[in-house]
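Structure file model-v2.cif (mmCIF, C-alpha atoms and all ligand atoms) is printed below.
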```cif
data_target
loop_
_atom_site.label_atom_id
_atom_site.label_comp_id
_atom_site.auth_asym_id
_atom_site.auth_seq_id
_atom_site.Cartn_x
_atom_site.Cartn_y
_atom_site.Cartn_z
CA MET A 1 3.41 -21.64 -43.36
CA SER A 2 1.66 -18.41 -44.24
CA ASP A 3 -2.08 -17.81 -44.28
CA MET A 4 -1.60 -15.65 -47.40
CA ILE A 5 -4.92 -13.94 -46.74
CA GLN A 6 -5.91 -10.64 -45.23
CA ALA A 7 -8.02 -10.62 -42.09
CA SER A 8 -11.52 -9.42 -43.05
CA HIS A 9 -11.05 -6.27 -40.97
CA THR A 10 -8.44 -4.69 -38.73
CA GLU A 11 -8.53 -6.39 -35.35
CA ILE A 12 -7.54 -4.13 -32.46
CA LYS A 13 -6.33 -5.94 -29.34
CA ILE A 14 -4.94 -4.54 -26.12
CA ILE A 15 -2.39 -6.60 -24.22
CA THR A 16 -3.00 -5.78 -20.64
CA SER A 17 -3.08 -6.41 -16.90
CA ALA A 18 -3.18 -3.98 -14.03
CA LYS A 19 -0.12 -5.78 -12.65
CA GLY A 20 3.37 -4.73 -13.70
CA GLY A 21 6.00 -7.16 -14.91
CA VAL A 22 3.75 -10.10 -15.86
CA GLY A 23 5.00 -10.14 -19.46
CA LYS A 24 2.61 -7.84 -21.35
CA SER A 25 5.33 -6.35 -23.56
CA THR A 26 6.98 -9.75 -24.10
CA VAL A 27 3.63 -11.13 -25.25
CA CYS A 28 2.92 -8.09 -27.44
CA ALA A 29 6.28 -8.30 -29.25
CA ASN A 30 6.29 -12.07 -29.78
CA LEU A 31 2.59 -12.53 -30.57
CA GLY A 32 2.97 -9.70 -33.09
CA MET A 33 5.92 -11.51 -34.65
CA ALA A 34 3.98 -14.80 -34.73
CA LEU A 35 1.08 -13.13 -36.58
CA ALA A 36 3.52 -11.44 -38.98
CA LEU A 37 5.13 -14.82 -39.67
CA ARG A 38 1.69 -16.11 -40.69
CA GLY A 39 1.59 -13.42 -43.37
CA PHE A 40 -0.50 -10.74 -41.66
CA ARG A 41 0.36 -7.03 -41.57
CA VAL A 42 0.77 -6.24 -37.89
CA LEU A 43 1.23 -2.95 -36.04
CA LEU A 44 2.41 -2.83 -32.44
CA ILE A 45 1.67 0.39 -30.54
CA ASP A 46 3.67 0.99 -27.39
CA CYS A 47 1.26 2.82 -25.09
CA ASP A 48 3.35 2.39 -21.97
CA THR A 49 3.41 6.06 -21.09
CA ALA A 50 5.93 5.50 -18.28
CA ASN A 51 8.45 3.05 -19.73
CA ARG A 52 8.55 2.43 -23.44
CA CYS A 53 10.22 -0.88 -24.21
CA LEU A 54 8.93 -2.45 -27.43
CA ASP A 55 11.63 -0.66 -29.46
CA LEU A 56 14.27 -2.43 -27.36
CA MET A 57 12.51 -5.81 -27.44
CA LEU A 58 12.30 -5.58 -31.24
CA GLY A 59 15.93 -4.48 -31.59
CA MET A 60 14.71 -1.20 -33.15
CA GLU A 61 15.83 1.37 -30.58
CA ASP A 62 18.26 3.07 -32.98
CA CYS A 63 15.59 3.86 -35.56
CA ALA A 64 12.68 4.65 -33.21
CA ILE A 65 13.15 8.43 -33.27
CA TYR A 66 9.44 9.27 -33.25
CA GLY A 67 6.67 7.53 -31.40
CA ILE A 68 3.01 7.58 -30.53
CA ARG A 69 3.32 10.73 -28.43
CA ASP A 70 4.79 12.64 -31.39
CA VAL A 71 1.95 11.48 -33.62
CA LEU A 72 -0.73 12.43 -31.08
CA ALA A 73 0.94 15.82 -30.54
CA ASP A 74 1.10 16.44 -34.32
CA VAL A 75 4.89 16.60 -34.19
CA CYS A 76 5.21 13.84 -36.77
CA PRO A 77 2.82 12.23 -39.29
CA ILE A 78 1.91 8.65 -38.47
CA GLU A 79 3.42 7.32 -41.72
CA LYS A 80 6.81 8.65 -40.67
CA ALA A 81 6.58 7.26 -37.14
CA ILE A 82 5.57 3.71 -38.10
CA LEU A 83 8.67 1.58 -38.61
CA SER A 84 9.05 -1.78 -40.27
CA HIS A 85 10.92 -4.55 -38.43
CA PRO A 86 14.38 -5.12 -39.93
CA GLN A 87 13.93 -8.89 -40.38
CA GLN A 88 10.17 -9.25 -40.76
CA SER A 89 8.64 -6.58 -42.97
CA ASN A 90 5.04 -7.53 -42.01
CA LEU A 91 5.73 -6.41 -38.46
CA HIS A 92 5.57 -2.69 -37.67
CA LEU A 93 6.15 -0.57 -34.60
CA LEU A 94 4.74 2.72 -33.42
CA ALA A 95 7.18 3.25 -30.57
CA GLY A 96 6.41 4.70 -27.16
CA CYS A 97 7.14 8.10 -25.80
CA SER A 98 10.84 9.04 -25.68
CA ALA A 99 12.25 9.50 -22.20
CA ASP A 100 12.44 13.29 -22.31
CA ALA A 101 8.95 13.89 -23.73
CA ALA A 102 6.15 14.05 -21.21
CA TRP A 103 2.68 12.67 -21.80
CA ASN A 104 -0.43 14.38 -20.68
CA ALA A 105 -3.98 13.15 -20.43
CA ASP A 106 -5.21 15.37 -23.28
CA LEU A 107 -2.76 13.79 -25.70
CA LEU A 108 -3.85 10.28 -24.79
CA HIS A 109 -7.48 11.19 -25.40
CA ALA A 110 -6.63 11.58 -29.08
CA LEU A 111 -5.62 7.89 -29.24
CA PRO A 112 -9.09 6.40 -29.90
CA SER A 113 -9.61 8.50 -33.05
CA LEU A 114 -6.11 7.61 -34.26
CA VAL A 115 -6.80 3.90 -33.78
CA LYS A 116 -10.23 4.28 -35.42
CA SER A 117 -8.59 5.81 -38.49
CA LEU A 118 -6.26 2.78 -38.68
CA SER A 119 -9.23 0.43 -38.51
CA GLU A 120 -11.08 2.37 -41.24
CA ASP A 121 -8.12 2.26 -43.62
CA THR A 122 -9.16 0.52 -46.83
CA SER A 123 -5.82 0.80 -48.65
CA ASP A 124 -3.51 -2.12 -49.36
CA GLN A 125 -1.40 -0.80 -46.48
CA ARG A 126 -4.17 -1.64 -44.02
CA PHE A 127 -3.07 -3.52 -40.92
CA ASP A 128 -4.72 -6.86 -40.18
CA TYR A 129 -3.84 -6.70 -36.49
CA VAL A 130 -3.08 -3.76 -34.20
CA LEU A 131 -1.71 -4.89 -30.83
CA ILE A 132 -1.52 -2.20 -28.17
CA ASP A 133 0.86 -2.65 -25.25
CA THR A 134 -0.36 -1.06 -22.01
CA PRO A 135 1.45 -0.03 -18.82
CA GLY A 136 1.01 -1.91 -15.56
CA GLY A 137 -0.73 -0.20 -12.67
CA MET A 138 -1.89 2.92 -14.53
CA LEU A 139 -5.63 2.36 -14.57
CA ASP A 140 -6.44 5.77 -16.08
CA VAL A 141 -4.21 5.01 -19.07
CA LEU A 142 -5.71 1.53 -19.33
CA SER A 143 -9.25 2.96 -19.42
CA THR A 144 -8.46 5.30 -22.32
CA VAL A 145 -6.52 2.69 -24.27
CA ALA A 146 -9.22 0.08 -23.65
CA SER A 147 -11.81 2.24 -25.38
CA CYS A 148 -9.87 1.67 -28.65
CA ALA A 149 -9.96 -2.10 -28.57
CA ASP A 150 -12.32 -4.79 -29.71
CA GLU A 151 -10.67 -7.43 -27.55
CA ALA A 152 -8.47 -7.49 -24.46
CA LEU A 153 -5.80 -10.15 -24.04
CA ILE A 154 -5.19 -10.25 -20.31
CA VAL A 155 -1.78 -11.52 -19.26
CA SER A 156 -1.21 -13.21 -15.92
CA SER A 157 1.56 -15.25 -14.43
CA PRO A 158 0.43 -18.15 -12.17
CA GLN A 159 1.28 -16.14 -9.03
CA ALA A 160 -1.55 -15.23 -6.65
CA THR A 161 -0.85 -11.49 -6.89
CA ALA A 162 -0.94 -11.56 -10.69
CA ILE A 163 -4.10 -13.66 -10.71
CA ARG A 164 -5.88 -11.18 -8.44
CA SER A 165 -4.77 -8.32 -10.68
CA ALA A 166 -5.97 -10.13 -13.79
CA GLU A 167 -9.40 -10.60 -12.20
CA LYS A 168 -9.52 -6.90 -11.32
CA THR A 169 -8.47 -5.94 -14.85
CA ALA A 170 -11.16 -8.17 -16.37
CA THR A 171 -13.83 -6.53 -14.19
CA LEU A 172 -12.63 -3.03 -15.03
CA LEU A 173 -12.69 -3.81 -18.73
CA VAL A 174 -16.23 -5.17 -18.57
CA GLN A 175 -17.21 -1.84 -17.00
CA GLN A 176 -15.56 -0.24 -20.06
CA HIS A 177 -17.75 -2.48 -22.27
CA ILE A 178 -14.81 -4.62 -23.40
CA GLU A 179 -16.68 -7.89 -22.99
CA LYS A 180 -14.43 -9.85 -25.33
CA GLN A 181 -11.46 -10.93 -23.26
CA ARG A 182 -9.08 -13.84 -23.36
CA LEU A 183 -6.41 -14.97 -20.94
CA ILE A 184 -2.73 -15.61 -21.60
CA VAL A 185 -0.92 -17.41 -18.80
CA ASN A 186 2.72 -16.36 -19.01
CA SER A 187 5.86 -17.59 -17.22
CA PHE A 188 4.24 -20.94 -16.53
CA PRO A 189 6.86 -22.90 -14.51
CA ALA A 190 6.23 -26.37 -15.94
CA GLY A 191 5.54 -25.03 -19.41
CA ASN A 192 8.68 -26.37 -21.05
CA ALA A 193 7.95 -29.90 -19.78
CA LEU A 194 4.39 -29.73 -21.09
CA PHE A 195 5.56 -28.71 -24.54
CA LYS A 196 8.13 -31.54 -24.63
CA ASN A 197 7.29 -34.55 -26.72
CA PRO A 198 6.73 -37.45 -24.26
CA LYS A 199 7.64 -39.99 -26.98
CA THR A 200 11.28 -38.97 -26.69
CA ALA A 201 11.43 -39.61 -22.93
CA SER A 202 12.60 -42.92 -21.38
CA SER A 203 9.91 -44.98 -19.59
CA ILE A 204 11.01 -43.68 -16.14
CA GLY A 205 11.24 -40.20 -17.56
CA ARG A 206 7.82 -40.63 -19.09
CA LYS A 207 6.28 -41.60 -15.73
CA LEU A 208 7.94 -38.60 -14.10
CA HIS A 209 6.83 -36.49 -16.94
CA ASN A 210 3.21 -37.61 -16.53
CA LYS A 211 3.27 -36.90 -12.76
CA GLN A 212 4.67 -33.43 -13.30
CA LYS A 213 2.24 -32.92 -16.11
CA LYS A 214 -0.79 -33.66 -13.90
CA ALA A 215 0.40 -31.26 -11.19
CA ALA A 216 1.06 -28.58 -13.77
CA ILE A 217 -2.32 -29.01 -15.46
CA ASP A 218 -4.05 -28.84 -12.04
CA SER A 219 -2.31 -25.56 -11.25
CA LEU A 220 -3.20 -24.22 -14.68
CA PHE A 221 -6.86 -25.09 -14.11
CA HIS A 222 -6.69 -23.18 -10.84
CA VAL A 223 -5.49 -20.05 -12.67
CA ILE A 224 -8.14 -20.35 -15.39
CA ASP A 225 -10.96 -21.10 -12.92
CA THR A 226 -10.03 -18.15 -10.72
CA ILE A 227 -9.75 -15.59 -13.50
CA SER A 228 -12.70 -17.15 -15.39
CA LEU A 229 -11.70 -16.18 -18.89
CA THR A 230 -11.29 -18.20 -22.06
CA LEU A 231 -7.68 -19.27 -22.40
CA LEU A 232 -5.78 -18.09 -25.48
CA GLY A 233 -2.53 -19.79 -24.55
CA VAL A 234 0.14 -20.70 -22.04
CA VAL A 235 3.69 -19.38 -22.36
CA PRO A 236 6.36 -21.37 -20.51
CA PHE A 237 8.82 -19.72 -18.18
CA ASP A 238 12.09 -19.64 -20.10
CA GLU A 239 15.15 -18.34 -18.32
CA THR A 240 16.91 -17.53 -21.59
CA ILE A 241 14.34 -14.83 -22.43
CA TRP A 242 16.18 -12.11 -20.52
CA ASP A 243 19.33 -12.46 -22.59
CA LYS A 244 17.42 -12.74 -25.82
CA GLN A 245 15.39 -9.62 -25.06
CA ASN A 246 18.58 -7.73 -24.26
CA SER A 247 19.70 -8.42 -27.82
CA GLY A 248 16.34 -7.62 -29.43
CA ILE A 249 15.79 -11.28 -30.31
CA LEU A 250 12.24 -12.53 -30.92
CA ILE A 251 10.76 -15.92 -31.78
CA ASN A 252 11.68 -15.62 -35.47
CA ASP A 253 15.40 -15.82 -34.64
CA PRO A 254 16.98 -19.22 -35.40
CA ALA A 255 18.23 -19.26 -31.77
CA CYS A 256 14.67 -19.61 -30.49
CA SER A 257 12.37 -20.49 -33.38
CA SER A 258 12.15 -24.15 -32.33
CA GLN A 259 11.84 -23.55 -28.57
CA PRO A 260 8.64 -24.32 -26.64
CA PHE A 261 8.41 -20.58 -25.79
CA SER A 262 8.17 -19.82 -29.52
CA HIS A 263 5.65 -22.60 -30.17
CA ALA A 264 3.43 -21.09 -27.50
CA PHE A 265 3.27 -17.90 -29.60
CA TYR A 266 2.83 -19.73 -32.94
CA ASN A 267 -0.11 -21.58 -31.37
CA MET A 268 -1.69 -18.41 -29.97
CA ALA A 269 -1.39 -16.69 -33.36
CA ALA A 270 -3.11 -19.68 -34.96
CA ARG A 271 -5.94 -19.50 -32.39
CA LEU A 272 -6.39 -15.77 -33.05
CA CYS A 273 -6.92 -16.82 -36.70
CA HIS A 274 -9.72 -19.14 -35.51
CA LYS A 275 -7.67 -22.30 -35.93
CA ASN A 276 -8.27 -25.11 -33.48
CA VAL A 277 -4.83 -25.81 -32.02
CA PRO A 278 -4.31 -28.11 -29.00
CA LEU A 279 -2.89 -26.28 -26.00
CA PHE A 280 0.60 -27.73 -25.87
CA THR A 281 1.11 -28.80 -29.47
CA TYR A 282 4.77 -28.78 -30.29
CA ASP A 283 5.07 -29.80 -33.88
CA LYS A 284 7.93 -28.48 -36.01
CA SER A 285 5.72 -28.64 -39.09
CA ASP A 286 3.42 -26.04 -37.49
CA ARG A 287 6.23 -23.51 -37.39
CA PRO A 288 5.54 -20.60 -39.74
CA GLN A 289 8.28 -20.39 -42.37
CA LYS A 290 7.83 -16.88 -43.70
N1 LIG A 301 7.80 -16.46 -20.25
C1 LIG A 301 8.80 -15.82 -19.68
N2 LIG A 301 9.84 -16.52 -19.15
C2 LIG A 301 10.85 -15.87 -18.53
N3 LIG A 301 10.94 -14.53 -18.39
C3 LIG A 301 9.92 -13.79 -18.91
C4 LIG A 301 8.81 -14.39 -19.57
N4 LIG A 301 7.98 -13.39 -19.96
C5 LIG A 301 8.53 -12.24 -19.56
N5 LIG A 301 9.71 -12.46 -18.93
C6 LIG A 301 10.60 -11.47 -18.33
O1 LIG A 301 9.85 -10.79 -17.30
C7 LIG A 301 10.21 -9.41 -17.28
C8 LIG A 301 8.96 -8.57 -17.43
O2 LIG A 301 8.45 -8.78 -18.73
P1 LIG A 301 7.72 -7.60 -19.53
O3 LIG A 301 8.55 -6.37 -19.56
O4 LIG A 301 7.25 -8.18 -20.80
O5 LIG A 301 6.48 -7.38 -18.53
P2 LIG A 301 5.41 -6.21 -18.53
O6 LIG A 301 4.15 -6.78 -17.99
O7 LIG A 301 5.34 -5.60 -19.87
O8 LIG A 301 6.06 -5.18 -17.51
P3 LIG A 301 5.58 -3.66 -17.24
O9 LIG A 301 4.34 -3.75 -16.43
O10 LIG A 301 6.73 -3.06 -16.50
O11 LIG A 301 5.34 -3.02 -18.57
C9 LIG A 301 11.22 -9.20 -18.41
O12 LIG A 301 12.51 -9.22 -17.85
C10 LIG A 301 11.02 -10.39 -19.31
O13 LIG A 301 12.22 -10.75 -19.97
MG MG A 302 5.59 -3.60 -20.47
#
```
Mind turning this structure into structure tokens?
Amino acid sequence: MSDMIQASHTEIKIITSAKGGVGKSTVCANLGMALALRGFRVLLIDCDTANRCLDLMLGMEDCAIYGIRDVLADVCPIEKAILSHPQQSNLHLLAGCSADAAWNADLLHALPSLVKSLSEDTSDQRFDYVLIDTPGGMLDVLSTVASCADEALIVSSPQATAIRSAEKTATLLVQQHIEKQRLIVNSFPAGNALFKNPKTASSIGRKLHNKQKKAAIDSLFHVIDTISLTLLGVVPFDETIWDKQNSGILINDPACSSQPFSHAFYNMAARLCHKNVPLFTYDKSDRPQK
């Protein structure tokens, strides 16, 4: 299922939270893949100045010789540094800084004009979506990167510490005039159960399912109420993600394309395209085929 249309302009989104380890890079990689599967040209920029990781998550570490730092430092032209994903040619990566190359604040200040030039591109190579991955905890980096974006997707797990950080991030971004913000709740413990089709459960299982479902929905409401942002989607906790990420496997891989985790990303991509998709829809026919 491909949209087969270009977005009307390049949408620049930062994937962020002041808290480390809540799943920003996981969301960036898989949401990017979900948008690419819908037929959009997508660029992921790894702006984690401390620990680049999107090249690994996309299974592209061997070809990611140049990255965003090299482009900003005029070491390499952007066309040479942008790489196409080996299995999904709509998805592109501008990798992070290599381990031995240091960033400095002056370099990062060149980022907004680079991103602006991407958004002003009128060629047929124009990107429909640019998703920028940000580091946790580095508020100075976040401030500079935020100035490039037209929307922030704030990632939080349901843990109290992550929720507090998400609130703080949202406030900081409003101060940066990024008013458009949506929330992604990641690593949601009951997420897999919520995405399961209750019709396939036995009657006892169904009752249990409904009880668990109510508790889970209540806890989700707590997260949304506390952070007070519009919800873009909920990603279930899935213990197989670690292994898959170690092998550079994303939601397009046959090993995970039908999992609830993957459906969470298909649904979020659909919502970014202004489609009205119920929160926990888990319908195989919704799965993008491209
Ligand atoms: N929904 C999920 N279910 C299970 N594990 C997850 C999920 N999302 C992310 N993880 C795991 O959590 C860890 C942190 O994820 P990730 O690197 O995406 O977070 P991050 O916010 O980008 O971290 P950092 O702040 O260090 O950049 C990884 O090991 C990842 O595999
Ligand atoms: Mg990260």
Enumerate, as a PDB file with C-alpha atoms, keeping the file's coordinate frame, the protein, DNA and RNA residues whose atoms approach (-8.8, -16.9, -12.8) to within 10 Å, taking into account only C-alpha atoms and the coordinate frame of the file.
```pdb
ATOM      1  CA  SER A 156      -1.210 -13.210 -15.920  1.00  0.00           C
ATOM      2  CA  PRO A 158       0.430 -18.150 -12.170  1.00  0.00           C
ATOM      3  CA  ALA A 160      -1.550 -15.230  -6.650  1.00  0.00           C
ATOM      4  CA  ALA A 162      -0.940 -11.560 -10.690  1.00  0.00           C
ATOM      5  CA  ILE A 163      -4.100 -13.660 -10.710  1.00  0.00           C
ATOM      6  CA  ARG A 164      -5.880 -11.180  -8.440  1.00  0.00           C
ATOM      7  CA  SER A 165      -4.770  -8.320 -10.680  1.00  0.00           C
ATOM      8  CA  ALA A 166      -5.970 -10.130 -13.790  1.00  0.00           C
ATOM      9  CA  GLU A 167      -9.400 -10.600 -12.200  1.00  0.00           C
ATOM     10  CA  ALA A 170     -11.160  -8.170 -16.370  1.00  0.00           C
ATOM     11  CA  LEU A 183      -6.410 -14.970 -20.940  1.00  0.00           C
ATOM     12  CA  VAL A 185      -0.920 -17.410 -18.800  1.00  0.00           C
ATOM     13  CA  LEU A 220      -3.200 -24.220 -14.680  1.00  0.00           C
ATOM     14  CA  PHE A 221      -6.860 -25.090 -14.110  1.00  0.00           C
ATOM     15  CA  HIS A 222      -6.690 -23.180 -10.840  1.00  0.00           C
ATOM     16  CA  VAL A 223      -5.490 -20.050 -12.670  1.00  0.00           C
ATOM     17  CA  ILE A 224      -8.140 -20.350 -15.390  1.00  0.00           C
ATOM     18  CA  ASP A 225     -10.960 -21.100 -12.920  1.00  0.00           C
ATOM     19  CA  THR A 226     -10.030 -18.150 -10.720  1.00  0.00           C
ATOM     20  CA  ILE A 227      -9.750 -15.590 -13.500  1.00  0.00           C
ATOM     21  CA  SER A 228     -12.700 -17.150 -15.390  1.00  0.00           C
ATOM     22  CA  LEU A 229     -11.700 -16.180 -18.890  1.00  0.00           C
ATOM     23  CA  THR A 230     -11.290 -18.200 -22.060  1.00  0.00           C
ATOM     24  CA  LEU A 231      -7.680 -19.270 -22.400  1.00  0.00           C
TER      25      LEU A 231
END
```
Select from chain A every residue with an atom at most 8 Å from any atom of ligand MG 302 (chain A), then for each give the shortest pair of atoms and their distance in Å to one decimal, using all atoms listed in the file, rows by chain and rising number, as a Markdown table.
```
| residue | atom | partner | partner_atom | distance |
| --- | --- | --- | --- | --- |
| A:Gly20 | CA | A:MG302 | MG | 7.2 |
| A:Gly21 | CA | A:MG302 | MG | 6.6 |
| A:Gly23 | CA | A:MG302 | MG | 6.6 |
| A:Lys24 | CA | A:MG302 | MG | 5.3 |
| A:Ser25 | CA | A:MG302 | MG | 4.1 |
| A:Thr26 | CA | A:MG302 | MG | 7.3 |
| A:Asp48 | CA | A:MG302 | MG | 6.6 |
| A:Asn51 | CA | A:MG302 | MG | 7.3 |
| A:Arg52 | CA | A:MG302 | MG | 7.3 |
| A:Cys53 | CA | A:MG302 | MG | 6.5 |
| A:Leu54 | CA | A:MG302 | MG | 7.8 |
| A:Asp133 | CA | A:MG302 | MG | 6.8 |
| A:Thr134 | CA | A:MG302 | MG | 6.7 |
| A:Pro135 | CA | A:MG302 | MG | 5.7 |
| A:Gly136 | CA | A:MG302 | MG | 6.9 |
```
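Put simply, CA of Gly248 in chain A is 11.0 Å away from CA of Pro86 in chain A.
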As AutoDock Vina command-line options, please report the centre and edge lengths, rounded to one decimal in Å, of the axis-aligned box that holds all listed atoms of ligand LIG 301 (chain A) with 5 Å of padding on each of the six sides.
```
--center_x 8.3 --center_y -9.8 --center_z -18.6 --size_x 18.4 --size_y 23.5 --size_z 14.4
```
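You can rank A:Gln87, A:Ser157, A:Gln175, A:Gln212 by their closest distance to Ser187 in chain A using all atoms listed in the file, and at the top of that list sits A:Ser157.
Shortest atom-to-atom contact with ligand LIG 301 (chain A) among A:His263, A:Lys13, A:Lys19, A:Lys213: A:Lys19, counting only C-alpha atoms and all ligand atoms.
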Export range 20-43 of chain A from the structure block above, keeping N, CA and C atoms, as an mmCIF file, in the first residue's frame.
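Output saved as selection.cif:
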```cif
data_model
loop_
_atom_site.group_PDB
_atom_site.id
_atom_site.type_symbol
_atom_site.label_atom_id
_atom_site.label_comp_id
_atom_site.auth_asym_id
_atom_site.auth_seq_id
_atom_site.Cartn_x
_atom_site.Cartn_y
_atom_site.Cartn_z
ATOM 1 N N GLY A 20 17.847 10.179 27.964
ATOM 2 C CA GLY A 20 18.533 9.178 27.153
ATOM 3 C C GLY A 20 17.833 7.825 27.217
ATOM 4 N N GLY A 21 17.980 7.060 26.169
ATOM 5 C CA GLY A 21 17.565 5.659 26.172
ATOM 6 C C GLY A 21 16.073 5.392 26.115
ATOM 7 N N VAL A 22 15.261 6.393 25.744
ATOM 8 C CA VAL A 22 13.806 6.152 25.705
ATOM 9 C C VAL A 22 13.338 5.603 24.357
ATOM 10 N N GLY A 23 14.258 5.533 23.393
ATOM 11 C CA GLY A 23 13.894 4.942 22.100
ATOM 12 C C GLY A 23 13.840 5.931 20.941
ATOM 13 N N LYS A 24 14.493 7.086 21.082
ATOM 14 C CA LYS A 24 14.459 8.100 20.014
ATOM 15 C C LYS A 24 14.997 7.530 18.685
ATOM 16 N N SER A 25 16.156 6.888 18.764
ATOM 17 C CA SER A 25 16.774 6.390 17.527
ATOM 18 C C SER A 25 15.967 5.228 16.944
ATOM 19 N N THR A 26 15.431 4.384 17.822
ATOM 20 C CA THR A 26 14.582 3.272 17.365
ATOM 21 C C THR A 26 13.367 3.823 16.621
ATOM 22 N N VAL A 27 12.763 4.865 17.183
ATOM 23 C CA VAL A 27 11.596 5.488 16.547
ATOM 24 C C VAL A 27 12.004 6.116 15.217
ATOM 25 N N CYS A 28 13.128 6.844 15.217
ATOM 26 C CA CYS A 28 13.570 7.531 14.003
ATOM 27 C C CYS A 28 13.763 6.525 12.860
ATOM 28 N N ALA A 29 14.480 5.442 13.143
ATOM 29 C CA ALA A 29 14.789 4.450 12.107
ATOM 30 C C ALA A 29 13.505 3.779 11.588
ATOM 31 N N ASN A 30 12.645 3.363 12.501
ATOM 32 C CA ASN A 30 11.477 2.579 12.076
ATOM 33 C C ASN A 30 10.337 3.442 11.530
ATOM 34 N N LEU A 31 10.181 4.645 12.060
ATOM 35 C CA LEU A 31 9.170 5.549 11.500
ATOM 36 C C LEU A 31 9.616 5.974 10.093
ATOM 37 N N GLY A 32 10.922 6.200 9.952
ATOM 38 C CA GLY A 32 11.453 6.536 8.619
ATOM 39 C C GLY A 32 11.171 5.409 7.643
ATOM 40 N N MET A 33 11.395 4.177 8.066
ATOM 41 C CA MET A 33 11.127 3.034 7.187
ATOM 42 C C MET A 33 9.630 2.947 6.865
ATOM 43 N N ALA A 34 8.780 3.185 7.856
ATOM 44 C CA ALA A 34 7.328 3.101 7.626
ATOM 45 C C ALA A 34 6.886 4.150 6.595
ATOM 46 N N LEU A 35 7.443 5.356 6.671
ATOM 47 C CA LEU A 35 7.098 6.401 5.694
ATOM 48 C C LEU A 35 7.629 6.020 4.307
ATOM 49 N N ALA A 36 8.842 5.456 4.275
ATOM 50 C CA ALA A 36 9.424 5.033 2.995
ATOM 51 C C ALA A 36 8.575 3.930 2.363
ATOM 52 N N LEU A 37 8.061 3.027 3.196
ATOM 53 C CA LEU A 37 7.207 1.947 2.682
ATOM 54 C C LEU A 37 5.901 2.492 2.092
ATOM 55 N N ARG A 38 5.492 3.662 2.549
ATOM 56 C CA ARG A 38 4.280 4.284 1.991
ATOM 57 C C ARG A 38 4.567 4.990 0.679
ATOM 58 N N GLY A 39 5.830 5.024 0.275
ATOM 59 C CA GLY A 39 6.183 5.619 -1.020
ATOM 60 C C GLY A 39 6.829 6.986 -0.941
ATOM 61 N N PHE A 40 7.081 7.477 0.272
ATOM 62 C CA PHE A 40 7.705 8.799 0.413
ATOM 63 C C PHE A 40 9.225 8.696 0.373
ATOM 64 N N ARG A 41 9.864 9.772 -0.121
ATOM 65 C CA ARG A 41 11.329 9.869 -0.021
ATOM 66 C C ARG A 41 11.670 10.432 1.346
ATOM 67 N N VAL A 42 12.445 9.677 2.094
ATOM 68 C CA VAL A 42 12.705 10.010 3.500
ATOM 69 C C VAL A 42 14.213 10.115 3.728
ATOM 70 N N LEU A 43 14.613 11.157 4.466
ATOM 71 C CA LEU A 43 16.021 11.276 4.886
ATOM 72 C C LEU A 43 16.083 11.265 6.405
#
```
